[in-house]
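**Student:** Structure supplied as my_file-v3.pdb; contents: PDB, N, CA and C atoms.
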MODEL        1
ATOM      1  N   MET A  23      79.093 124.507 102.719
ATOM      2  CA  MET A  23      79.806 123.264 102.546
ATOM      3  C   MET A  23      78.863 122.100 102.863
ATOM      4  N   ALA A  24      78.926 121.063 102.099
ATOM      5  CA  ALA A  24      78.047 119.903 102.265
ATOM      6  C   ALA A  24      78.524 119.033 103.426
ATOM      7  N   ASP A  25      77.570 118.385 104.070
ATOM      8  CA  ASP A  25      77.912 117.428 105.120
ATOM      9  C   ASP A  25      78.536 116.195 104.488
ATOM     10  N   VAL A  26      79.462 115.604 105.228
ATOM     11  CA  VAL A  26      80.127 114.402 104.752
ATOM     12  C   VAL A  26      79.845 113.281 105.737
ATOM     13  N   SER A  27      79.403 112.156 105.216
ATOM     14  CA  SER A  27      79.150 110.982 106.044
ATOM     15  C   SER A  27      80.019 109.839 105.522
ATOM     16  N   VAL A  28      80.926 109.387 106.367
ATOM     17  CA  VAL A  28      81.848 108.333 105.950
ATOM     18  C   VAL A  28      81.735 107.174 106.929
ATOM     19  N   LYS A  29      81.460 106.004 106.405
ATOM     20  CA  LYS A  29      81.450 104.807 107.241
ATOM     21  C   LYS A  29      82.814 104.151 107.105
ATOM     22  N   ILE A  30      83.604 104.273 108.145
ATOM     23  CA  ILE A  30      84.964 103.738 108.128
ATOM     24  C   ILE A  30      84.943 102.223 107.915
ATOM     25  N   GLU A  31      83.950 101.549 108.502
ATOM     26  CA  GLU A  31      83.865 100.094 108.354
ATOM     27  C   GLU A  31      83.699  99.702 106.884
ATOM     28  N   THR A  32      82.897 100.467 106.152
ATOM     29  CA  THR A  32      82.678 100.179 104.734
ATOM     30  C   THR A  32      83.974 100.375 103.948
ATOM     31  N   LEU A  33      84.693 101.445 104.272
ATOM     32  CA  LEU A  33      85.972 101.676 103.590
ATOM     33  C   LEU A  33      86.978 100.593 103.935
ATOM     34  N   ASP A  34      87.003 100.157 105.203
ATOM     35  CA  ASP A  34      87.909  99.061 105.597
ATOM     36  C   ASP A  34      87.571  97.774 104.842
ATOM     37  N   GLN A  35      86.283  97.479 104.696
ATOM     38  CA  GLN A  35      85.872  96.291 103.945
ATOM     39  C   GLN A  35      86.289  96.407 102.482
ATOM     40  N   THR A  36      86.182  97.597 101.929
ATOM     41  CA  THR A  36      86.585  97.822 100.541
ATOM     42  C   THR A  36      88.078  97.577 100.378
ATOM     43  N   VAL A  37      88.876  98.045 101.330
ATOM     44  CA  VAL A  37      90.325  97.818 101.282
ATOM     45  C   VAL A  37      90.616  96.317 101.323
ATOM     46  N   LYS A  38      89.927  95.584 102.191
ATOM     47  CA  LYS A  38      90.142  94.133 102.293
ATOM     48  C   LYS A  38      89.764  93.426 100.991
ATOM     49  N   LYS A  39      88.666  93.863 100.377
ATOM     50  CA  LYS A  39      88.250  93.252  99.110
ATOM     51  C   LYS A  39      89.262  93.557  98.001
ATOM     52  N   LEU A  40      89.752  94.783  97.970
ATOM     53  CA  LEU A  40      90.766  95.130  96.979
ATOM     54  C   LEU A  40      92.044  94.335  97.210
ATOM     55  N   ASP A  41      92.431  94.148  98.464
ATOM     56  CA  ASP A  41      93.600  93.313  98.768
ATOM     57  C   ASP A  41      93.412  91.901  98.223
ATOM     58  N   SER A  42      92.207  91.361  98.382
ATOM     59  CA  SER A  42      91.907  90.018  97.896
ATOM     60  C   SER A  42      91.994  89.947  96.368
ATOM     61  N   ILE A  43      91.463  90.958  95.696
ATOM     62  CA  ILE A  43      91.510  90.991  94.228
ATOM     63  C   ILE A  43      92.951  91.109  93.751
ATOM     64  N   ILE A  44      93.715  91.983  94.390
ATOM     65  CA  ILE A  44      95.125  92.163  94.018
ATOM     66  C   ILE A  44      95.894  90.865  94.228
ATOM     67  N   ASP A  45      95.624  90.182  95.332
ATOM     68  CA  ASP A  45      96.276  88.899  95.603
ATOM     69  C   ASP A  45      95.912  87.868  94.537
ATOM     70  N   GLU A  46      94.651  87.851  94.137
ATOM     71  CA  GLU A  46      94.216  86.925  93.081
ATOM     72  C   GLU A  46      94.947  87.216  91.774
ATOM     73  N   PHE A  47      95.115  88.489  91.446
ATOM     74  CA  PHE A  47      95.855  88.854  90.232
ATOM     75  C   PHE A  47      97.307  88.406  90.321
ATOM     76  N   ASP A  48      97.894  88.504  91.520
ATOM     77  CA  ASP A  48      99.282  88.064  91.698
ATOM     78  C   ASP A  48      99.434  86.558  91.448
ATOM     79  N   HIS A  49      98.414  85.783  91.790
ATOM     80  CA  HIS A  49      98.488  84.331  91.646
ATOM     81  C   HIS A  49      97.911  83.838  90.317
ATOM     82  N   ALA A  50      97.443  84.730  89.492
ATOM     83  CA  ALA A  50      96.788  84.333  88.242
ATOM     84  C   ALA A  50      97.747  83.681  87.265
ATOM     85  N   VAL A  51      99.018  84.035  87.294
ATOM     86  CA  VAL A  51      99.978  83.438  86.366
ATOM     87  C   VAL A  51     100.062  81.937  86.600
ATOM     88  N   GLY A  52     100.091  81.519  87.853
ATOM     89  CA  GLY A  52     100.105  80.089  88.157
ATOM     90  C   GLY A  52      98.844  79.401  87.693
ATOM     91  N   ASN A  53      97.721  80.090  87.793
ATOM     92  CA  ASN A  53      96.452  79.524  87.331
ATOM     93  C   ASN A  53      96.459  79.341  85.818
ATOM     94  N   SER A  54      97.085  80.275  85.100
ATOM     95  CA  SER A  54      97.119  80.154  83.637
ATOM     96  C   SER A  54      97.999  78.984  83.214
ATOM     97  N   ASP A  55      99.068  78.733  83.945
ATOM     98  CA  ASP A  55      99.908  77.564  83.643
ATOM     99  C   ASP A  55      99.113  76.275  83.824
ATOM    100  N   ALA A  56      98.296  76.245  84.880
ATOM    101  CA  ALA A  56      97.454  75.064  85.117
ATOM    102  C   ALA A  56      96.436  74.900  83.998
ATOM    103  N   LEU A  57      95.887  76.009  83.500
ATOM    104  CA  LEU A  57      94.918  75.947  82.410
ATOM    105  C   LEU A  57      95.550  75.350  81.157
ATOM    106  N   GLU A  58      96.728  75.856  80.801
ATOM    107  CA  GLU A  58      97.393  75.341  79.603
ATOM    108  C   GLU A  58      97.732  73.855  79.750
ATOM    109  N   GLY A  59      98.127  73.460  80.959
ATOM    110  CA  GLY A  59      98.403  72.047  81.201
ATOM    111  C   GLY A  59      97.150  71.192  81.071
ATOM    112  N   ALA A  60      96.020  71.741  81.526
ATOM    113  CA  ALA A  60      94.754  71.002  81.450
ATOM    114  C   ALA A  60      94.278  70.872  80.010
ATOM    115  N   ILE A  61      94.584  71.884  79.191
ATOM    116  CA  ILE A  61      94.167  71.825  77.789
ATOM    117  C   ILE A  61      94.925  70.726  77.058
ATOM    118  N   GLY A  62      96.215  70.669  77.302
ATOM    119  CA  GLY A  62      97.024  69.644  76.653
ATOM    120  C   GLY A  62      97.032  69.802  75.146
ATOM    121  N   ASN A  63      97.025  68.673  74.435
ATOM    122  CA  ASN A  63      96.997  68.654  72.977
ATOM    123  C   ASN A  63      95.854  67.750  72.518
ATOM    124  N   PRO A  64      94.607  68.268  72.586
ATOM    125  CA  PRO A  64      93.485  67.415  72.192
ATOM    126  C   PRO A  64      93.589  67.018  70.714
ATOM    127  N   PHE A  65      93.322  65.773  70.450
ATOM    128  CA  PHE A  65      93.386  65.223  69.091
ATOM    129  C   PHE A  65      94.756  65.462  68.462
ATOM    130  N   ARG A  66      95.791  65.507  69.347
ATOM    131  CA  ARG A  66      97.194  65.695  68.924
ATOM    132  C   ARG A  66      97.405  67.016  68.190
ATOM    133  N   ARG A  67      96.625  68.005  68.566
ATOM    134  CA  ARG A  67      96.753  69.326  67.959
ATOM    135  C   ARG A  67      96.965  70.342  69.071
ATOM    136  N   GLY A  68      97.822  71.298  68.833
ATOM    137  CA  GLY A  68      98.171  72.270  69.863
ATOM    138  C   GLY A  68      97.615  73.655  69.643
ATOM    139  N   GLU A  69      96.704  73.821  68.671
ATOM    140  CA  GLU A  69      96.207  75.163  68.382
ATOM    141  C   GLU A  69      95.477  75.789  69.578
ATOM    142  N   LEU A  70      94.654  74.999  70.242
ATOM    143  CA  LEU A  70      93.894  75.531  71.367
ATOM    144  C   LEU A  70      94.840  75.976  72.479
ATOM    145  N   ARG A  71      95.822  75.144  72.756
ATOM    146  CA  ARG A  71      96.800  75.505  73.783
ATOM    147  C   ARG A  71      97.556  76.765  73.371
ATOM    148  N   GLY A  72      97.909  76.876  72.107
ATOM    149  CA  GLY A  72      98.601  78.062  71.603
ATOM    150  C   GLY A  72      97.752  79.312  71.735
ATOM    151  N   GLN A  73      96.452  79.177  71.433
ATOM    152  CA  GLN A  73      95.539  80.311  71.568
ATOM    153  C   GLN A  73      95.398  80.725  73.038
ATOM    154  N   ALA A  74      95.327  79.745  73.923
ATOM    155  CA  ALA A  74      95.225  80.043  75.356
ATOM    156  C   ALA A  74      96.501  80.746  75.835
ATOM    157  N   ASP A  75      97.640  80.294  75.355
ATOM    158  CA  ASP A  75      98.914  80.916  75.718
ATOM    159  C   ASP A  75      98.972  82.356  75.204
ATOM    160  N   ASP A  76      98.554  82.566  73.962
ATOM    161  CA  ASP A  76      98.544  83.915  73.384
ATOM    162  C   ASP A  76      97.637  84.842  74.189
ATOM    163  N   PHE A  77      96.445  84.349  74.513
ATOM    164  CA  PHE A  77      95.516  85.140  75.320
ATOM    165  C   PHE A  77      96.136  85.475  76.666
ATOM    166  N   GLU A  78      96.737  84.510  77.326
ATOM    167  CA  GLU A  78      97.321  84.722  78.650
ATOM    168  C   GLU A  78      98.452  85.737  78.611
ATOM    169  N   GLN A  79      99.264  85.708  77.580
ATOM    170  CA  GLN A  79     100.361  86.675  77.479
ATOM    171  C   GLN A  79      99.824  88.093  77.353
ATOM    172  N   ARG A  80      98.788  88.270  76.536
ATOM    173  CA  ARG A  80      98.198  89.600  76.393
ATOM    174  C   ARG A  80      97.474  90.017  77.667
ATOM    175  N   TRP A  81      96.782  89.087  78.290
ATOM    176  CA  TRP A  81      96.045  89.385  79.511
ATOM    177  C   TRP A  81      97.002  89.684  80.666
ATOM    178  N   ASP A  82      98.172  89.033  80.692
ATOM    179  CA  ASP A  82      99.151  89.300  81.750
ATOM    180  C   ASP A  82      99.531  90.772  81.780
ATOM    181  N   MET A  83      99.746  91.370  80.614
ATOM    182  CA  MET A  83     100.112  92.785  80.550
ATOM    183  C   MET A  83      98.970  93.660  81.069
ATOM    184  N   LYS A  84      97.759  93.374  80.637
ATOM    185  CA  LYS A  84      96.599  94.152  81.076
ATOM    186  C   LYS A  84      96.312  93.929  82.564
ATOM    187  N   ARG A  85      96.506  92.700  83.014
ATOM    188  CA  ARG A  85      96.254  92.376  84.420
ATOM    189  C   ARG A  85      97.205  93.168  85.313
ATOM    190  N   LYS A  86      98.466  93.287  84.903
ATOM    191  CA  LYS A  86      99.424  94.061  85.688
ATOM    192  C   LYS A  86      98.988  95.523  85.765
ATOM    193  N   ASP A  87      98.557  96.083  84.632
ATOM    194  CA  ASP A  87      98.085  97.474  84.632
ATOM    195  C   ASP A  87      96.879  97.638  85.561
ATOM    196  N   LEU A  88      95.950  96.709  85.479
ATOM    197  CA  LEU A  88      94.753  96.769  86.316
ATOM    198  C   LEU A  88      95.112  96.614  87.791
ATOM    199  N   LYS A  89      96.014  95.690  88.071
ATOM    200  CA  LYS A  89      96.455  95.481  89.455
ATOM    201  C   LYS A  89      97.103  96.742  90.011
ATOM    202  N   ASP A  90      97.928  97.398  89.206
ATOM    203  CA  ASP A  90      98.574  98.636  89.646
ATOM    204  C   ASP A  90      97.538  99.723  89.939
ATOM    205  N   GLU A  91      96.532  99.830  89.082
ATOM    206  CA  GLU A  91      95.475 100.826  89.295
ATOM    207  C   GLU A  91      94.667 100.502  90.549
ATOM    208  N   LEU A  92      94.359  99.232  90.760
ATOM    209  CA  LEU A  92      93.623  98.834  91.958
ATOM    210  C   LEU A  92      94.442  99.101  93.214
ATOM    211  N   SER A  93      95.739  98.895  93.125
ATOM    212  CA  SER A  93      96.625  99.183  94.262
ATOM    213  C   SER A  93      96.593 100.672  94.601
ATOM    214  N   ASP A  94      96.578 101.507  93.566
ATOM    215  CA  ASP A  94      96.486 102.958  93.793
ATOM    216  C   ASP A  94      95.169 103.326  94.477
ATOM    217  N   VAL A  95      94.064 102.746  94.006
ATOM    218  CA  VAL A  95      92.753 103.016  94.613
ATOM    219  C   VAL A  95      92.759 102.576  96.075
ATOM    220  N   ARG A  96      93.280 101.365  96.322
ATOM    221  CA  ARG A  96      93.353 100.848  97.697
ATOM    222  C   ARG A  96      94.166 101.791  98.587
ATOM    223  N   ASP A  97      95.309 102.254  98.080
ATOM    224  CA  ASP A  97      96.158 103.150  98.866
ATOM    225  C   ASP A  97      95.452 104.472  99.161
ATOM    226  N   HIS A  98      94.698 104.984  98.205
ATOM    227  CA  HIS A  98      93.948 106.221  98.431
ATOM    228  C   HIS A  98      92.865 106.025  99.488
ATOM    229  N   ILE A  99      92.174 104.898  99.420
ATOM    230  CA  ILE A  99      91.130 104.619 100.416
ATOM    231  C   ILE A  99      91.751 104.491 101.796
ATOM    232  N   LYS A 100      92.894 103.793 101.876
ATOM    233  CA  LYS A 100      93.593 103.683 103.161
ATOM    234  C   LYS A 100      93.950 105.072 103.698
ATOM    235  N   GLY A 101      94.380 105.957 102.815
ATOM    236  CA  GLY A 101      94.715 107.319 103.228
ATOM    237  C   GLY A 101      93.509 108.060 103.767
ATOM    238  N   VAL A 102      92.358 107.872 103.128
ATOM    239  CA  VAL A 102      91.128 108.507 103.608
ATOM    240  C   VAL A 102      90.771 107.979 104.993
ATOM    241  N   VAL A 103      90.847 106.657 105.158
ATOM    242  CA  VAL A 103      90.522 106.044 106.455
ATOM    243  C   VAL A 103      91.464 106.573 107.531
ATOM    244  N   GLU A 104      92.751 106.573 107.248
ATOM    245  CA  GLU A 104      93.722 107.051 108.240
ATOM    246  C   GLU A 104      93.503 108.530 108.552
ATOM    247  N   GLY A 105      93.190 109.325 107.532
ATOM    248  CA  GLY A 105      92.936 110.739 107.747
ATOM    249  C   GLY A 105      91.746 110.980 108.657
ATOM    250  N   PHE A 106      90.654 110.264 108.405
ATOM    251  CA  PHE A 106      89.467 110.428 109.252
ATOM    252  C   PHE A 106      89.718 109.900 110.667
ATOM    253  N   GLN A 107      90.424 108.786 110.777
ATOM    254  CA  GLN A 107      90.711 108.250 112.109
ATOM    255  C   GLN A 107      91.601 109.205 112.902
ATOM    256  N   ASN A 108      92.608 109.783 112.236
ATOM    257  CA  ASN A 108      93.475 110.746 112.919
ATOM    258  C   ASN A 108      92.688 111.987 113.336
ATOM    259  N   TRP A 109      91.859 112.485 112.428
ATOM    260  CA  TRP A 109      91.033 113.653 112.741
ATOM    261  C   TRP A 109      90.121 113.357 113.924
ATOM    262  N   ASP A 110      89.504 112.174 113.904
ATOM    263  CA  ASP A 110      88.594 111.784 114.976
ATOM    264  C   ASP A 110      89.331 111.720 116.312
ATOM    265  N   SER A 111      90.503 111.131 116.320
ATOM    266  CA  SER A 111      91.290 111.027 117.559
ATOM    267  C   SER A 111      91.714 112.401 118.066
ATOM    268  N   GLU A 112      92.184 113.239 117.155
ATOM    269  CA  GLU A 112      92.618 114.586 117.545
ATOM    270  C   GLU A 112      91.443 115.416 118.063
ATOM    271  N   THR A 113      90.298 115.299 117.426
ATOM    272  CA  THR A 113      89.115 116.038 117.860
ATOM    273  C   THR A 113      88.653 115.551 119.231
ATOM    274  N   ALA A 114      88.697 114.252 119.449
ATOM    275  CA  ALA A 114      88.310 113.703 120.753
ATOM    276  C   ALA A 114      89.239 114.223 121.842
ATOM    277  N   LEU A 115      90.528 114.316 121.551
ATOM    278  CA  LEU A 115      91.477 114.843 122.536
ATOM    279  C   LEU A 115      91.180 116.316 122.850
ATOM    280  N   LEU A 116      90.823 117.077 121.843
ATOM    281  CA  LEU A 116      90.488 118.486 122.069
ATOM    282  C   LEU A 116      89.272 118.627 122.985
ATOM    283  N   PHE A 117      88.270 117.782 122.796
ATOM    284  CA  PHE A 117      87.085 117.837 123.632
ATOM    285  C   PHE A 117      87.401 117.403 125.068
ATOM    286  N   GLN A 118      88.318 116.471 125.227
ATOM    287  CA  GLN A 118      88.691 116.018 126.566
ATOM    288  C   GLN A 118      89.454 117.092 127.334
ATOM    289  N   GLN A 119      90.185 117.937 126.608
ATOM    290  CA  GLN A 119      90.985 118.989 127.251
ATOM    291  C   GLN A 119      90.115 120.130 127.757
ATOM    292  N   LYS A 120      88.930 120.281 127.214
ATOM    293  CA  LYS A 120      88.066 121.405 127.616
ATOM    294  C   LYS A 120      87.280 121.106 128.848
TER
ENDMDL
END
What does this structure look like when you write it as structure tokens?

**Tutor:**
Amino acid sequence: MADVSVKIETLDQTVKKLDSIIDEFDHAVGNSDALEGAIGNPFRRGELRGQADDFEQRWDMKRKDLKDELSDVRDHIKGVVEGFQNWDSETALLFQQK
């Protein structure tokens, strides 16, 4: 069996970064509304705004899928961290009992 080296701090940082990305995805809808408002109707034409709206609607669906997948990855990493921490604590208790 191969040796396993896990840096819990690195995994914790990864979880925090994923939380930040997921949070950004949650707030992206508000950002897209601001974008469309900033575009306005240049030269009294709304095509650009319409294209931005169309893009945002399609991206919203993909963003939700991506956010869900990132949430799954984050949850798995959290499980690994908790598993190693529990194992470490239990092993330390066993050594203290001897």

**Student:** Could you spell out the hits of the PyMOL selection byres (((chain A and resi 26-38 and name CA) around 8) and name CA) on the shown file, as a PyMOL selection string?

**Tutor:** chain A and resi 24-25+39-42+96+99-100+103

**Student:** Need the shell around stretch 76-89 of chain A: protein/DNA/RNA residues with any atom at most 7 Å away, counting only C-alpha atoms. Skip same-chain ones fewer than 2 positions apart. Format as a list of chain:residue names?

**Tutor:**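 The contact residues come out as A:Ile44, A:Phe47, A:Ser54, A:Gly72, A:Gln73, A:Ala74, A:Glu91, A:Leu92, A:Ser93.
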
**Student:** Please measure the separation of atom N of A:Glu112 and atom N of A:Asp97, giving the value in Å to one decimal.

**Tutor:**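 It comes out at 22.2 Å.
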
**Student:** State, in Å with one decimal place, the distance from atom N of A:Leu116 to atom C of A:His98.

**Tutor:**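 Atom N of A:Leu116 sits 25.0 Å away from atom C of A:His98.
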
**Student:** Using Å and a single decimal, report how far atom CA of A:Asp48 sits from atom CA of A:Val95.

**Tutor:**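 Taking atom CA of A:Val95 as the start and atom CA of A:Asp48 as the end point, the length is 16.6 Å.
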
**Student:** Mind the document's chain letters and residue numbers, and return as a ChimeraX atom specification the residues of chain A that DSSP labels alpha helix (DSSP H).

**Tutor:** /A:30-61,69-119

**Student:** Output stretch 94-105 of chain A with all heavy atoms present, as an mmCIF file, in the frame of the given file.

**Tutor:**
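The resulting file, rebuild_24.cif, is shown below:
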data_model
loop_
_atom_site.group_PDB
_atom_site.id
_atom_site.type_symbol
_atom_site.label_atom_id
_atom_site.label_comp_id
_atom_site.auth_asym_id
_atom_site.auth_seq_id
_atom_site.Cartn_x
_atom_site.Cartn_y
_atom_site.Cartn_z
ATOM 1 N N ASP A 94 96.578 101.507 93.566
ATOM 2 C CA ASP A 94 96.486 102.958 93.793
ATOM 3 C C ASP A 94 95.169 103.326 94.477
ATOM 4 O O ASP A 94 95.157 104.125 95.423
ATOM 5 C CB ASP A 94 96.616 103.722 92.473
ATOM 6 C CG ASP A 94 98.013 103.690 91.894
ATOM 7 O OD1 ASP A 94 98.967 103.322 92.622
ATOM 8 O OD2 ASP A 94 98.157 104.033 90.704
ATOM 9 N N VAL A 95 94.064 102.746 94.006
ATOM 10 C CA VAL A 95 92.753 103.016 94.613
ATOM 11 C C VAL A 95 92.759 102.576 96.075
ATOM 12 O O VAL A 95 92.322 103.311 96.974
ATOM 13 C CB VAL A 95 91.620 102.320 93.829
ATOM 14 C CG1 VAL A 95 90.302 102.385 94.584
ATOM 15 C CG2 VAL A 95 91.479 102.928 92.446
ATOM 16 N N ARG A 96 93.280 101.365 96.322
ATOM 17 C CA ARG A 96 93.353 100.848 97.697
ATOM 18 C C ARG A 96 94.166 101.791 98.587
ATOM 19 O O ARG A 96 93.764 102.107 99.698
ATOM 20 C CB ARG A 96 93.986 99.463 97.700
ATOM 21 C CG ARG A 96 94.126 98.869 99.113
ATOM 22 C CD ARG A 96 95.185 97.813 99.215
ATOM 23 N NE ARG A 96 96.450 98.323 98.717
ATOM 24 C CZ ARG A 96 97.408 97.555 98.221
ATOM 25 N NH1 ARG A 96 97.249 96.262 98.139
ATOM 26 N NH2 ARG A 96 98.540 98.087 97.790
ATOM 27 N N ASP A 97 95.309 102.254 98.080
ATOM 28 C CA ASP A 97 96.158 103.150 98.866
ATOM 29 C C ASP A 97 95.452 104.472 99.161
ATOM 30 O O ASP A 97 95.572 105.020 100.263
ATOM 31 C CB ASP A 97 97.481 103.397 98.147
ATOM 32 C CG ASP A 97 98.336 102.138 98.040
ATOM 33 O OD1 ASP A 97 98.065 101.158 98.782
ATOM 34 O OD2 ASP A 97 99.265 102.133 97.209
ATOM 35 N N HIS A 98 94.698 104.984 98.205
ATOM 36 C CA HIS A 98 93.948 106.221 98.431
ATOM 37 C C HIS A 98 92.865 106.025 99.488
ATOM 38 O O HIS A 98 92.671 106.888 100.357
ATOM 39 C CB HIS A 98 93.322 106.734 97.131
ATOM 40 C CG HIS A 98 94.310 107.344 96.193
ATOM 41 N ND1 HIS A 98 95.016 108.495 96.470
ATOM 42 C CD2 HIS A 98 94.725 106.955 94.966
ATOM 43 C CE1 HIS A 98 95.812 108.789 95.463
ATOM 44 N NE2 HIS A 98 95.661 107.866 94.538
ATOM 45 N N ILE A 99 92.174 104.898 99.420
ATOM 46 C CA ILE A 99 91.130 104.619 100.416
ATOM 47 C C ILE A 99 91.751 104.491 101.796
ATOM 48 O O ILE A 99 91.225 105.020 102.783
ATOM 49 C CB ILE A 99 90.319 103.359 100.044
ATOM 50 C CG1 ILE A 99 89.516 103.616 98.770
ATOM 51 C CG2 ILE A 99 89.392 102.957 101.192
ATOM 52 C CD1 ILE A 99 88.835 102.384 98.218
ATOM 53 N N LYS A 100 92.894 103.793 101.876
ATOM 54 C CA LYS A 100 93.593 103.683 103.161
ATOM 55 C C LYS A 100 93.950 105.072 103.698
ATOM 56 O O LYS A 100 93.829 105.329 104.894
ATOM 57 C CB LYS A 100 94.878 102.863 103.012
ATOM 58 C CG LYS A 100 94.682 101.377 103.000
ATOM 59 C CD LYS A 100 96.044 100.691 102.914
ATOM 60 C CE LYS A 100 95.939 99.209 103.011
ATOM 61 N NZ LYS A 100 97.264 98.547 102.935
ATOM 62 N N GLY A 101 94.380 105.957 102.815
ATOM 63 C CA GLY A 101 94.715 107.319 103.228
ATOM 64 C C GLY A 101 93.509 108.060 103.767
ATOM 65 O O GLY A 101 93.614 108.798 104.760
ATOM 66 N N VAL A 102 92.358 107.872 103.128
ATOM 67 C CA VAL A 102 91.128 108.507 103.608
ATOM 68 C C VAL A 102 90.771 107.979 104.993
ATOM 69 O O VAL A 102 90.457 108.748 105.908
ATOM 70 C CB VAL A 102 89.966 108.271 102.615
ATOM 71 C CG1 VAL A 102 88.633 108.681 103.229
ATOM 72 C CG2 VAL A 102 90.219 109.020 101.317
ATOM 73 N N VAL A 103 90.847 106.657 105.158
ATOM 74 C CA VAL A 103 90.522 106.044 106.455
ATOM 75 C C VAL A 103 91.464 106.573 107.531
ATOM 76 O O VAL A 103 91.019 107.001 108.608
ATOM 77 C CB VAL A 103 90.595 104.499 106.363
ATOM 78 C CG1 VAL A 103 90.535 103.870 107.751
ATOM 79 C CG2 VAL A 103 89.473 103.963 105.484
ATOM 80 N N GLU A 104 92.751 106.573 107.248
ATOM 81 C CA GLU A 104 93.722 107.051 108.240
ATOM 82 C C GLU A 104 93.503 108.530 108.552
ATOM 83 O O GLU A 104 93.600 108.943 109.706
ATOM 84 C CB GLU A 104 95.142 106.811 107.737
ATOM 85 C CG GLU A 104 95.534 105.355 107.723
ATOM 86 C CD GLU A 104 96.856 105.100 107.019
ATOM 87 O OE1 GLU A 104 97.547 106.074 106.610
ATOM 88 O OE2 GLU A 104 97.222 103.917 106.881
ATOM 89 N N GLY A 105 93.190 109.325 107.532
ATOM 90 C CA GLY A 105 92.936 110.739 107.747
ATOM 91 C C GLY A 105 91.746 110.980 108.657
ATOM 92 O O GLY A 105 91.812 111.796 109.591
#
